[in-house]
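A.B. asks: Here it is: the structure, laid out below.
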2 protein chains.
Amino acid sequence: MMRRGFQVAVRLGLPRTLHILPRLNSTSTSGSSTGSRVSRFCPEKTDLKDYALPNASWGPDMLNLYQEFLEKTTSEGWIKLPSFKSNRDHIQGLKLPSGLVATSDKGDYCIFTRCIQVAGQGYEYVIFFHPAKKRSVCLFQPGPYLEGAPGFAHGGSLAAMMDETFSKTAYLAGEGLFTLSLNIRFKNLLPVGSLAVLDVHVEKIEDQKLYMSCTARSRDQQTVFAKSSGIFLQLQLEEESPQ
Amino acid sequence: MMRRGFQVAVRLGLPRTLHILPRLNSTSTSGSSTGSRVSRFCPEKTDLKDYALPNASWGPDMLNLYQEFLEKTTSEGWIKLPSFKSNRDHIQGLKLPSGLVATSDKGDYCIFTRCIQVAGQGYEYVIFFHPAKKRSVCLFQPGPYLEGAPGFAHGGSLAAMMDETFSKTAYLAGEGLFTLSLNIRFKNLLPVGSLAVLDVHVEKIEDQKLYMSCTARSRDQQTVFAKSSGIFLQLQLEEESPQ
């Protein structure tokens, strides 16, 4: 069944775009609970590098809050999400809906928010997720390659960090896959090298859409850097057939 | 005179943020016309590297449209904007308002949308600006390090590209310096390696704010990738005192 509102151009130069919005299919073989998605998303053993681990560039605010949340993973239901180089790694064993196939699976791909490989130069972040609360907290420390106005993070870099935190939260909380809209109000400039704490809540899930909100604050909560809302589209990923 | 609505935390850890919104000062020594800003922004001679020039990674769509717009710079009033590594280069000789001083001027900084140095891997883009029409066109070709869903550009990378195009347009058209809000509706996924043409218009300038709109389409205009609106705050930059 086709729906209006979001289309995907699957190949370059297609004169018409292809609607890819089937209603959620109850016969899908994918795990449909938050628990099963979290289990798949956070493998106990993997050879993939996790970029969401402390390194020498993390400042004291980032390190301290990371430790605080790490302790909450043992007692308060929080989960530290791993962060691999590509979303291809995160969805290993799952396939995108037909019609939504990458033009090429070859080559060196990287998720945008891990595009700068030098520690501390670009995005430093870690996301903690709370399944029961449908809430995430992202600790984000922008490096000097994320600059906009001299000395401050580019508004677009914070927008992308919000979108990425929404994205992971939407997927784990309710199979949200694609951003439909993103609305951001900037309140204060975020200095390069400082910490922004992004607090993300799933407000509601309705009509195949997840509605989320985010506030990015300083650690002491005295400064609000930006507030945003995002709407994500639900779309199930299916198990790939064994080779 | 202080105003509500936008504040800047100038240093880490400040318990209170500093309002930095004086009304536009008519005694400012900065050039106040679009023409003078364009002249300063596009130096005839400079040793700085311009990243908005064709390279081997540009696809045929990007190259062809670049040539088309380049021809329009000689006859139709369009201007090709150079793109240096940092906004510090773009505002050389100008100083930010007092209270809005970077925590450090030292180190290796880079504007976010030029953060990936390998040609074709990240952001490839060039912006053309039309002073009389208060309009910009950005040719944007996302590389594989800007990925979100496998094979497609991350929504945040397009958001940042829109913010950056708004930013340069706002500054040249009306001394707009800071993003106050950014609202994006995503319509189609943008395949990695394909061309998005961002068409930006200044809708109005009112009460120290520039209101802008953007539509990102495929070259054949058959596919709309996203639509957005942005509001930027006007703030004059002053000439630096000669040393």
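Labels for the structure tokens follow display order: chains A, B, ..., residues from 1 in each chain, ligands from 1.
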Need to verify the contact set: region 199-207 of chain A, 10 Å, only C-alpha atoms, exclusion of same-chain residues closer than 3 positions in sequence. Can you return it as a PDB file with N, CA and C atoms, in the first residue's frame?

C.D. replies:
ATOM      1  N   ARG A  23       2.517   0.210   4.659  1.00  0.00           N
ATOM      2  CA  ARG A  23       2.167   0.208   6.089  1.00  0.00           C
ATOM      3  C   ARG A  23       2.967  -0.878   6.790  1.00  0.00           C
ATOM      4  N   ILE A 127      26.071   8.087  23.230  1.00  0.00           N
ATOM      5  CA  ILE A 127      24.633   8.124  23.491  1.00  0.00           C
ATOM      6  C   ILE A 127      24.262   7.028  24.484  1.00  0.00           C
ATOM      7  N   PHE A 128      23.526   7.409  25.523  1.00  0.00           N
ATOM      8  CA  PHE A 128      22.924   6.454  26.459  1.00  0.00           C
ATOM      9  C   PHE A 128      21.421   6.438  26.201  1.00  0.00           C
ATOM     10  N   PHE A 129      20.849   5.234  26.230  1.00  0.00           N
ATOM     11  CA  PHE A 129      19.428   5.070  25.905  1.00  0.00           C
ATOM     12  C   PHE A 129      18.721   4.363  27.058  1.00  0.00           C
ATOM     13  N   HIS A 130      17.517   4.808  27.377  1.00  0.00           N
ATOM     14  CA  HIS A 130      16.713   4.166  28.419  1.00  0.00           C
ATOM     15  C   HIS A 130      15.440   3.618  27.784  1.00  0.00           C
ATOM     16  N   LYS A 133      11.982   4.328  29.519  1.00  0.00           N
ATOM     17  CA  LYS A 133      11.591   5.750  29.503  1.00  0.00           C
ATOM     18  C   LYS A 133      11.500   6.316  28.090  1.00  0.00           C
ATOM     19  N   LYS A 134      11.940   5.520  27.094  1.00  0.00           N
ATOM     20  CA  LYS A 134      12.012   6.027  25.713  1.00  0.00           C
ATOM     21  C   LYS A 134      12.729   7.375  25.686  1.00  0.00           C
ATOM     22  N   ARG A 135      13.913   7.374  26.244  1.00  0.00           N
ATOM     23  CA  ARG A 135      14.669   8.613  26.412  1.00  0.00           C
ATOM     24  C   ARG A 135      16.141   8.344  26.109  1.00  0.00           C
ATOM     25  N   SER A 136      16.825   9.313  25.562  1.00  0.00           N
ATOM     26  CA  SER A 136      18.272   9.206  25.342  1.00  0.00           C
ATOM     27  C   SER A 136      18.977  10.443  25.873  1.00  0.00           C
ATOM     28  N   VAL A 137      20.221  10.239  26.255  1.00  0.00           N
ATOM     29  CA  VAL A 137      21.088  11.366  26.591  1.00  0.00           C
ATOM     30  C   VAL A 137      22.347  11.220  25.762  1.00  0.00           C
ATOM     31  N   CYS A 138      22.693  12.279  25.046  1.00  0.00           N
ATOM     32  CA  CYS A 138      23.919  12.279  24.230  1.00  0.00           C
ATOM     33  C   CYS A 138      24.894  13.291  24.810  1.00  0.00           C
ATOM     34  N   LEU A 139      26.089  12.825  25.104  1.00  0.00           N
ATOM     35  CA  LEU A 139      27.155  13.726  25.551  1.00  0.00           C
ATOM     36  C   LEU A 139      27.966  14.101  24.315  1.00  0.00           C
ATOM     37  N   MET A 162      21.891  16.369  16.785  1.00  0.00           N
ATOM     38  CA  MET A 162      20.510  16.147  17.241  1.00  0.00           C
ATOM     39  C   MET A 162      19.810  15.124  16.347  1.00  0.00           C
ATOM     40  N   THR A 165      21.082  11.649  17.160  1.00  0.00           N
ATOM     41  CA  THR A 165      20.568  11.132  18.437  1.00  0.00           C
ATOM     42  C   THR A 165      19.088  10.777  18.312  1.00  0.00           C
ATOM     43  N   PHE A 166      18.330  11.649  17.633  1.00  0.00           N
ATOM     44  CA  PHE A 166      16.931  11.306  17.325  1.00  0.00           C
ATOM     45  C   PHE A 166      16.868   9.964  16.585  1.00  0.00           C
ATOM     46  N   THR A 169      17.576   6.892  18.714  1.00  0.00           N
ATOM     47  CA  THR A 169      16.480   6.759  19.676  1.00  0.00           C
ATOM     48  C   THR A 169      15.219   6.266  18.985  1.00  0.00           C
ATOM     49  N   ALA A 170      14.927   6.843  17.834  1.00  0.00           N
ATOM     50  CA  ALA A 170      13.708   6.491  17.094  1.00  0.00           C
ATOM     51  C   ALA A 170      13.746   5.027  16.677  1.00  0.00           C
ATOM     52  N   ALA A 173      13.484   2.829  19.981  1.00  0.00           N
ATOM     53  CA  ALA A 173      12.222   2.992  20.716  1.00  0.00           C
ATOM     54  C   ALA A 173      11.018   2.560  19.895  1.00  0.00           C
ATOM     55  N   GLY A 174      11.138   2.643  18.551  1.00  0.00           N
ATOM     56  CA  GLY A 174       9.930   2.330  17.795  1.00  0.00           C
ATOM     57  C   GLY A 174      10.120   2.142  16.310  1.00  0.00           C
ATOM     58  N   GLY A 176      11.731   3.731  14.209  1.00  0.00           N
ATOM     59  CA  GLY A 176      11.799   4.956  13.406  1.00  0.00           C
ATOM     60  C   GLY A 176      13.074   4.945  12.591  1.00  0.00           C
ATOM     61  N   ALA A 196      28.065  19.644  25.446  1.00  0.00           N
ATOM     62  CA  ALA A 196      26.618  19.839  25.370  1.00  0.00           C
ATOM     63  C   ALA A 196      25.962  18.513  25.725  1.00  0.00           C
ATOM     64  N   LEU A 210       7.145   8.824  14.850  1.00  0.00           N
ATOM     65  CA  LEU A 210       7.635   9.087  16.201  1.00  0.00           C
ATOM     66  C   LEU A 210       7.896  10.580  16.337  1.00  0.00           C
ATOM     67  N   TYR A 211       7.340  11.157  17.394  1.00  0.00           N
ATOM     68  CA  TYR A 211       7.520  12.581  17.663  1.00  0.00           C
ATOM     69  C   TYR A 211       8.489  12.730  18.828  1.00  0.00           C
ATOM     70  N   MET A 212       9.575  13.431  18.589  1.00  0.00           N
ATOM     71  CA  MET A 212      10.609  13.539  19.627  1.00  0.00           C
ATOM     72  C   MET A 212      10.987  14.984  19.911  1.00  0.00           C
ATOM     73  N   SER A 213      11.528  15.198  21.111  1.00  0.00           N
ATOM     74  CA  SER A 213      12.011  16.537  21.469  1.00  0.00           C
ATOM     75  C   SER A 213      13.420  16.420  22.025  1.00  0.00           C
ATOM     76  N   CYS A 214      14.165  17.506  21.929  1.00  0.00           N
ATOM     77  CA  CYS A 214      15.547  17.521  22.424  1.00  0.00           C
ATOM     78  C   CYS A 214      15.884  18.890  22.990  1.00  0.00           C
ATOM     79  N   THR A 215      16.545  18.883  24.114  1.00  0.00           N
ATOM     80  CA  THR A 215      17.131  20.121  24.638  1.00  0.00           C
ATOM     81  C   THR A 215      18.618  19.871  24.843  1.00  0.00           C
ATOM     82  N   ALA A 216      19.440  20.784  24.334  1.00  0.00           N
ATOM     83  CA  ALA A 216      20.895  20.687  24.504  1.00  0.00           C
ATOM     84  C   ALA A 216      21.330  21.752  25.495  1.00  0.00           C
ATOM     85  N   ARG A 217      21.907  21.293  26.601  1.00  0.00           N
ATOM     86  CA  ARG A 217      22.296  22.227  27.669  1.00  0.00           C
ATOM     87  C   ARG A 217      23.769  22.025  28.034  1.00  0.00           C
ATOM     88  N   LYS A 227      17.044  24.036  21.337  1.00  0.00           N
ATOM     89  CA  LYS A 227      15.932  23.103  21.531  1.00  0.00           C
ATOM     90  C   LYS A 227      15.454  22.661  20.161  1.00  0.00           C
ATOM     91  N   SER A 228      14.998  21.423  20.083  1.00  0.00           N
ATOM     92  CA  SER A 228      14.566  20.953  18.770  1.00  0.00           C
ATOM     93  C   SER A 228      13.455  19.921  18.906  1.00  0.00           C
ATOM     94  N   SER A 229      12.774  19.711  17.802  1.00  0.00           N
ATOM     95  CA  SER A 229      11.812  18.624  17.708  1.00  0.00           C
ATOM     96  C   SER A 229      12.054  17.895  16.396  1.00  0.00           C
ATOM     97  N   GLY A 230      11.738  16.628  16.385  1.00  0.00           N
ATOM     98  CA  GLY A 230      11.956  15.832  15.184  1.00  0.00           C
ATOM     99  C   GLY A 230      10.847  14.819  15.011  1.00  0.00           C
ATOM    100  N   ILE A 231      10.491  14.553  13.774  1.00  0.00           N
ATOM    101  CA  ILE A 231       9.513  13.509  13.481  1.00  0.00           C
ATOM    102  C   ILE A 231      10.184  12.459  12.607  1.00  0.00           C
ATOM    103  N   PHE A 232      10.085  11.219  13.025  1.00  0.00           N
ATOM    104  CA  PHE A 232      10.703  10.122  12.279  1.00  0.00           C
ATOM    105  C   PHE A 232       9.636   9.150  11.796  1.00  0.00           C
ATOM    106  N   LEU A 233       9.921   8.549  10.661  1.00  0.00           N
ATOM    107  CA  LEU A 233       9.000   7.602  10.047  1.00  0.00           C
ATOM    108  C   LEU A 233       9.351   6.172  10.461  1.00  0.00           C
ATOM    109  N   GLN A 234       8.336   5.414  10.866  1.00  0.00           N
ATOM    110  CA  GLN A 234       8.560   4.006  11.199  1.00  0.00           C
ATOM    111  C   GLN A 234       8.656   3.165   9.931  1.00  0.00           C
TER     112      GLN A 234
END

A.B. asks: Please provide the set of residues having any atom within 9 Å of Gly59 (chain B), restricted to only C-alpha atoms, with same-chain residues fewer than 5 positions apart removed, written as a list in words.

C.D. replies: Asn64, Gln141, Gly193, Ser194 and Leu195 of chain B

A.B. asks: Using only C-alpha atoms, what does the table of chain A residues within 6 Å of chain B look like, with each row giving the shortest atom pair and its distance in Å to one decimal, sorted by chain and ascending number, as a Markdown table?

C.D. replies:
| residue | atom | partner | partner_atom | distance |
| --- | --- | --- | --- | --- |
| A:Phe6 | CA | B:Lys187 | CA | 5.1 |
| A:Gln7 | CA | B:Asn188 | CA | 5.0 |
| A:Val8 | CA | B:Asn188 | CA | 4.7 |
| A:Arg88 | CA | B:Pro150 | CA | 6.0 |
| A:Ala102 | CA | B:Gly151 | CA | 4.3 |
| A:Tyr109 | CA | B:Pro144 | CA | 4.8 |
| A:Cys110 | CA | B:Tyr145 | CA | 4.4 |
| A:Ile111 | CA | B:Glu147 | CA | 4.8 |
| A:Phe112 | CA | B:Leu146 | CA | 4.1 |
| A:Cys115 | CA | B:Tyr145 | CA | 5.4 |
| A:Pro144 | CA | B:Tyr109 | CA | 4.8 |
| A:Tyr145 | CA | B:Cys110 | CA | 4.4 |
| A:Leu146 | CA | B:Phe112 | CA | 4.2 |
| A:Glu147 | CA | B:Ile111 | CA | 4.8 |
| A:Gly148 | CA | B:Ile111 | CA | 5.6 |
| A:Pro150 | CA | B:Ala102 | CA | 5.9 |
| A:Gly151 | CA | B:Ala102 | CA | 4.3 |
| A:Gly156 | CA | B:Ala160 | CA | 3.7 |
| A:Ala160 | CA | B:Gly156 | CA | 3.7 |
| A:Asp163 | CA | B:Gly156 | CA | 5.8 |
| A:Leu180 | CA | B:Phe186 | CA | 5.0 |
| A:Ser181 | CA | B:Arg185 | CA | 4.3 |
| A:Leu182 | CA | B:Ile184 | CA | 5.2 |
| A:Asn183 | CA | B:Asn183 | CA | 4.2 |
| A:Ile184 | CA | B:Leu182 | CA | 5.2 |
| A:Arg185 | CA | B:Ser181 | CA | 4.4 |
| A:Phe186 | CA | B:Leu180 | CA | 5.0 |
| A:Lys187 | CA | B:Phe6 | CA | 5.1 |
| A:Asn188 | CA | B:Val8 | CA | 4.6 |
| A:Leu189 | CA | B:Val8 | CA | 5.3 |

A.B. asks: Using only C-alpha atoms, please write the residues we just selected to a file, as a short mmCIF file (atom, residue, chain, number, x, y, z; two decimals), in the first residue's frame.

C.D. replies:
data_model
loop_
_atom_site.label_atom_id
_atom_site.label_comp_id
_atom_site.auth_asym_id
_atom_site.auth_seq_id
_atom_site.Cartn_x
_atom_site.Cartn_y
_atom_site.Cartn_z
CA PHE A 6 7.74 10.71 1.83
CA GLN A 7 9.34 9.27 -1.21
CA VAL A 8 12.70 7.81 -1.99
CA ARG A 88 25.82 -0.69 7.64
CA ALA A 102 21.89 1.71 -1.92
CA TYR A 109 31.48 4.61 3.76
CA CYS A 110 31.20 6.36 7.08
CA ILE A 111 28.33 7.64 9.14
CA PHE A 112 28.41 11.43 8.96
CA CYS A 115 33.45 11.35 9.50
CA PRO A 144 37.74 22.54 16.12
CA TYR A 145 36.76 21.03 12.75
CA LEU A 146 33.10 21.58 13.58
CA GLU A 147 33.50 25.32 13.68
CA GLY A 148 31.07 27.95 12.44
CA PRO A 150 35.29 31.51 15.19
CA GLY A 151 35.58 29.49 18.39
CA GLY A 156 24.75 22.61 11.37
CA ALA A 160 23.35 16.88 12.74
CA ASP A 163 19.34 14.35 14.10
CA LEU A 180 10.63 13.57 8.20
CA SER A 181 11.21 16.93 9.86
CA LEU A 182 13.68 18.65 12.11
CA ASN A 183 12.97 22.00 13.77
CA ILE A 184 15.69 23.72 15.78
CA ARG A 185 15.77 26.92 17.79
CA PHE A 186 19.27 28.06 18.72
CA LYS A 187 19.58 29.87 22.04
CA ASN A 188 23.28 30.17 22.83
CA LEU A 189 26.45 29.50 20.91
#

A.B. asks: Please produce chain A as a short mmCIF file (atom, residue, chain, number, x, y, z; two decimals) with C-alpha atoms, in the first residue's frame once it has been superposed on chain B, the fit using all Cα atoms paired in sequence order.

C.D. replies:
data_model
loop_
_atom_site.label_atom_id
_atom_site.label_comp_id
_atom_site.auth_asym_id
_atom_site.auth_seq_id
_atom_site.Cartn_x
_atom_site.Cartn_y
_atom_site.Cartn_z
CA MET A 1 20.87 47.97 24.67
CA MET A 2 20.06 44.41 25.56
CA ARG A 3 17.46 42.26 23.86
CA ARG A 4 15.86 38.97 24.68
CA GLY A 5 15.85 35.85 22.59
CA PHE A 6 19.46 35.01 21.86
CA GLN A 7 22.36 34.85 24.22
CA VAL A 8 25.94 33.84 23.93
CA ALA A 9 27.91 31.95 26.52
CA VAL A 10 31.33 33.36 25.88
CA ARG A 11 33.31 31.12 28.17
CA LEU A 12 32.96 27.62 29.45
CA GLY A 13 31.40 27.28 32.86
CA LEU A 14 29.91 30.74 33.12
CA PRO A 15 27.03 30.46 35.56
CA ARG A 16 25.07 33.07 33.64
CA THR A 17 25.11 33.77 29.96
CA LEU A 18 25.90 37.15 28.54
CA HIS A 19 23.39 38.99 26.38
CA ILE A 20 25.18 40.30 23.33
CA LEU A 21 22.44 41.76 21.25
CA PRO A 22 22.94 45.47 20.88
CA ARG A 23 20.71 47.05 18.27
CA LEU A 24 22.43 47.72 15.01
CA ASN A 25 24.77 50.59 15.61
CA SER A 26 24.58 53.26 12.94
CA THR A 27 28.02 54.55 13.90
CA SER A 28 29.66 51.24 13.08
CA THR A 29 32.68 51.60 10.86
CA SER A 30 31.95 48.44 8.91
CA GLY A 31 30.80 48.67 5.33
CA SER A 32 27.06 48.32 5.44
CA SER A 33 26.17 47.62 1.83
CA THR A 34 25.89 44.25 0.16
CA GLY A 35 28.40 45.46 -2.42
CA SER A 36 31.10 46.21 0.12
CA ARG A 37 30.56 42.89 1.90
CA VAL A 38 30.76 41.02 -1.40
CA SER A 39 33.97 42.86 -2.32
CA ARG A 40 35.56 41.93 0.98
CA PHE A 41 34.27 38.36 0.80
CA CYS A 42 35.61 37.75 -2.69
CA PRO A 43 39.17 39.09 -2.70
CA GLU A 44 40.72 39.40 -6.15
CA LYS A 45 44.07 38.23 -4.83
CA THR A 46 44.58 35.86 -1.93
CA ASP A 47 46.94 33.08 -0.92
CA LEU A 48 44.09 31.21 0.73
CA LYS A 49 42.98 27.97 -0.88
CA ASP A 50 39.51 28.14 -2.42
CA TYR A 51 37.77 24.79 -1.81
CA ALA A 52 34.84 25.69 -4.06
CA LEU A 53 36.63 24.76 -7.28
CA PRO A 54 36.12 21.69 -9.44
CA ASN A 55 38.11 18.56 -8.63
CA ALA A 56 38.23 15.04 -10.01
CA SER A 57 35.44 13.87 -7.69
CA TRP A 58 32.82 16.19 -9.16
CA GLY A 59 30.30 14.29 -11.26
CA PRO A 60 29.01 15.47 -14.66
CA ASP A 61 25.87 17.09 -13.18
CA MET A 62 27.92 19.13 -10.74
CA LEU A 63 30.51 20.14 -13.35
CA ASN A 64 27.97 21.10 -15.99
CA LEU A 65 25.87 23.21 -13.65
CA TYR A 66 29.01 24.83 -12.24
CA GLN A 67 30.00 25.89 -15.77
CA GLU A 68 26.50 27.20 -16.43
CA PHE A 69 26.57 29.39 -13.34
CA LEU A 70 30.15 30.49 -14.00
CA GLU A 71 28.97 31.85 -17.33
CA LYS A 72 26.19 33.71 -15.53
CA THR A 73 28.79 35.48 -13.40
CA THR A 74 29.92 37.42 -16.47
CA SER A 75 26.50 38.43 -17.76
CA GLU A 76 23.70 37.91 -15.26
CA GLY A 77 25.00 39.33 -12.00
CA TRP A 78 25.80 36.06 -10.23
CA ILE A 79 28.92 35.86 -8.07
CA LYS A 80 30.85 32.70 -7.28
CA LEU A 81 31.73 32.73 -3.61
CA PRO A 82 35.15 31.46 -2.57
CA SER A 83 35.21 28.95 0.27
CA PHE A 84 38.18 29.10 2.62
CA LYS A 85 39.11 26.65 5.33
CA SER A 86 37.76 28.74 8.19
CA ASN A 87 35.31 31.56 8.74
CA ARG A 88 38.31 33.26 10.37
CA ASP A 89 39.65 33.66 6.82
CA HIS A 90 36.35 35.00 5.53
CA ILE A 91 36.15 37.72 8.17
CA GLN A 92 39.82 38.72 8.13
CA GLY A 93 40.17 42.32 9.25
CA LEU A 94 36.80 42.32 10.96
CA LYS A 95 36.12 41.68 14.58
CA LEU A 96 33.20 40.07 16.29
CA PRO A 97 31.15 42.13 18.75
CA SER A 98 32.65 42.50 22.20
CA GLY A 99 31.46 39.67 24.41
CA LEU A 100 31.56 37.28 21.50
CA VAL A 101 35.20 36.38 21.57
CA ALA A 102 36.49 32.91 20.82
CA THR A 103 37.99 31.10 23.79
CA SER A 104 41.16 30.62 21.79
CA ASP A 105 42.48 31.90 18.50
CA LYS A 106 45.23 29.31 18.41
CA GLY A 107 45.04 25.88 16.89
CA ASP A 108 43.83 24.23 13.74
CA TYR A 109 40.26 25.26 13.08
CA CYS A 110 38.08 24.38 10.14
CA ILE A 111 34.61 25.35 9.06
CA PHE A 112 32.38 22.34 9.56
CA THR A 113 31.39 21.98 5.91
CA ARG A 114 35.05 21.71 4.88
CA CYS A 115 36.01 19.33 7.69
CA ILE A 116 36.83 16.40 5.41
CA GLN A 117 39.93 17.18 3.39
CA VAL A 118 39.94 14.25 0.95
CA ALA A 119 38.32 15.38 -2.32
CA GLY A 120 34.99 13.69 -2.89
CA GLN A 121 34.85 11.95 0.48
CA GLY A 122 32.78 14.52 2.30
CA TYR A 123 31.30 17.88 1.34
CA GLU A 124 31.74 19.03 -2.23
CA TYR A 125 29.90 22.27 -2.80
CA VAL A 126 30.02 25.69 -4.36
CA ILE A 127 27.74 28.63 -3.67
CA PHE A 128 26.71 31.27 -6.22
CA PHE A 129 25.14 34.46 -4.88
CA HIS A 130 23.02 37.09 -6.65
CA PRO A 131 23.17 40.38 -4.71
CA ALA A 132 20.29 42.10 -6.50
CA LYS A 133 17.96 39.12 -6.17
CA LYS A 134 19.12 38.29 -2.62
CA ARG A 135 19.29 34.69 -3.75
CA SER A 136 21.87 31.90 -3.64
CA VAL A 137 22.28 28.59 -5.38
CA CYS A 138 24.44 25.90 -3.79
CA LEU A 139 25.58 22.90 -5.78
CA PHE A 140 26.09 20.11 -3.25
CA GLN A 141 27.48 16.64 -3.88
CA PRO A 142 27.64 14.54 -0.69
CA GLY A 143 30.45 11.99 -0.44
CA PRO A 144 30.47 8.58 1.27
CA TYR A 145 31.59 10.04 4.62
CA LEU A 146 28.32 11.96 4.85
CA GLU A 147 26.28 8.80 5.01
CA GLY A 148 23.18 8.14 7.09
CA ALA A 149 21.10 5.22 5.79
CA PRO A 150 23.37 3.01 3.67
CA GLY A 151 23.97 4.71 0.33
CA PHE A 152 22.23 7.97 1.24
CA ALA A 153 23.34 11.28 2.73
CA HIS A 154 22.67 11.77 6.44
CA GLY A 155 19.79 14.16 7.04
CA GLY A 156 22.11 16.11 9.31
CA SER A 157 24.62 16.63 6.51
CA LEU A 158 21.96 18.21 4.31
CA ALA A 159 20.72 20.26 7.28
CA ALA A 160 24.25 21.58 7.82
CA MET A 161 24.66 22.37 4.11
CA MET A 162 21.40 24.33 4.19
CA ASP A 163 22.49 26.16 7.34
CA GLU A 164 25.83 27.05 5.77
CA THR A 165 24.23 28.32 2.55
CA PHE A 166 21.73 30.33 4.61
CA SER A 167 24.64 31.66 6.65
CA LYS A 168 26.70 32.99 3.74
CA THR A 169 23.58 34.38 2.04
CA ALA A 170 22.39 36.06 5.23
CA TYR A 171 25.76 37.70 5.82
CA LEU A 172 26.12 39.04 2.30
CA ALA A 173 22.49 40.05 1.82
CA GLY A 174 21.99 41.71 5.18
CA GLU A 175 24.67 41.18 7.81
CA GLY A 176 22.92 38.08 9.13
CA LEU A 177 25.40 36.28 11.36
CA PHE A 178 23.74 33.73 13.60
CA THR A 179 21.14 31.05 13.05
CA LEU A 180 18.12 31.59 15.26
CA SER A 181 16.03 28.77 13.84
CA LEU A 182 16.18 26.11 11.18
CA ASN A 183 13.14 24.10 10.10
CA ILE A 184 13.55 21.27 7.61
CA ARG A 185 11.09 18.92 5.97
CA PHE A 186 12.72 15.95 4.25
CA LYS A 187 10.94 14.67 1.15
CA ASN A 188 13.27 12.22 -0.57
CA LEU A 189 16.54 10.60 0.36
CA LEU A 190 19.60 12.06 -1.35
CA PRO A 191 21.89 9.37 -2.77
CA VAL A 192 25.59 9.66 -1.94
CA GLY A 193 27.50 10.98 -4.96
CA SER A 194 24.50 12.65 -6.57
CA LEU A 195 23.83 16.37 -6.95
CA ALA A 196 21.45 18.45 -4.88
CA VAL A 197 20.78 22.00 -6.02
CA LEU A 198 19.90 24.24 -3.08
CA ASP A 199 17.90 27.30 -4.07
CA VAL A 200 17.93 29.91 -1.30
CA HIS A 201 15.86 33.09 -1.18
CA VAL A 202 15.82 35.91 1.35
CA GLU A 203 12.09 36.32 1.94
CA LYS A 204 12.24 39.41 4.14
CA ILE A 205 14.44 41.38 6.53
CA GLU A 206 12.59 42.64 9.56
CA ASP A 207 13.40 43.60 13.14
CA GLN A 208 17.09 42.58 12.89
CA LYS A 209 16.16 39.22 11.40
CA LEU A 210 16.54 37.71 7.96
CA TYR A 211 13.90 35.19 6.93
CA MET A 212 15.07 32.72 4.31
CA SER A 213 13.75 29.69 2.45
CA CYS A 214 15.50 26.82 0.69
CA THR A 215 14.47 24.03 -1.61
CA ALA A 216 16.93 21.24 -2.44
CA ARG A 217 16.17 19.48 -5.70
CA SER A 218 17.77 17.13 -8.19
CA ARG A 219 19.24 18.80 -11.24
CA ASP A 220 16.23 17.91 -13.39
CA GLN A 221 14.02 19.43 -10.67
CA GLN A 222 11.85 16.30 -10.65
CA THR A 223 12.88 15.27 -7.15
CA VAL A 224 12.64 17.51 -4.11
CA PHE A 225 15.03 16.26 -1.42
CA ALA A 226 14.05 18.74 1.26
CA LYS A 227 12.57 22.15 1.97
CA SER A 228 13.63 24.41 4.78
CA SER A 229 13.32 27.83 6.31
CA GLY A 230 15.83 29.68 8.43
CA ILE A 231 15.92 32.84 10.49
CA PHE A 232 19.22 34.63 11.00
CA LEU A 233 20.12 37.43 13.36
CA GLN A 234 21.71 40.62 12.03
CA LEU A 235 24.89 41.71 13.76
CA GLN A 236 27.49 44.11 12.43
CA LEU A 237 31.16 43.26 12.31
CA GLU A 238 33.53 46.14 12.94
CA GLU A 239 36.86 46.95 11.34
CA GLU A 240 39.78 45.85 13.46
CA SER A 241 42.10 48.60 14.58
CA PRO A 242 45.38 48.63 12.67
CA GLN A 243 48.27 47.15 14.68
#

A.B. asks: Where in region 124-194 of chain A does DSSP assign alpha helix (DSSP H), given as JSON, numbers by chain?

C.D. replies: {"A": [155, 156, 157, 158, 159, 160, 161, 162, 163, 164, 165, 166, 167, 168, 169, 170, 171, 172, 173, 174]}

A.B. asks: As a PyMOL selection string, please: all residues of region 130-212 of chain A that backbone DSSP puts in strand (DSSP E).

C.D. replies: chain A and resi 130+135-142+176-186+188-189+196-206+209-212
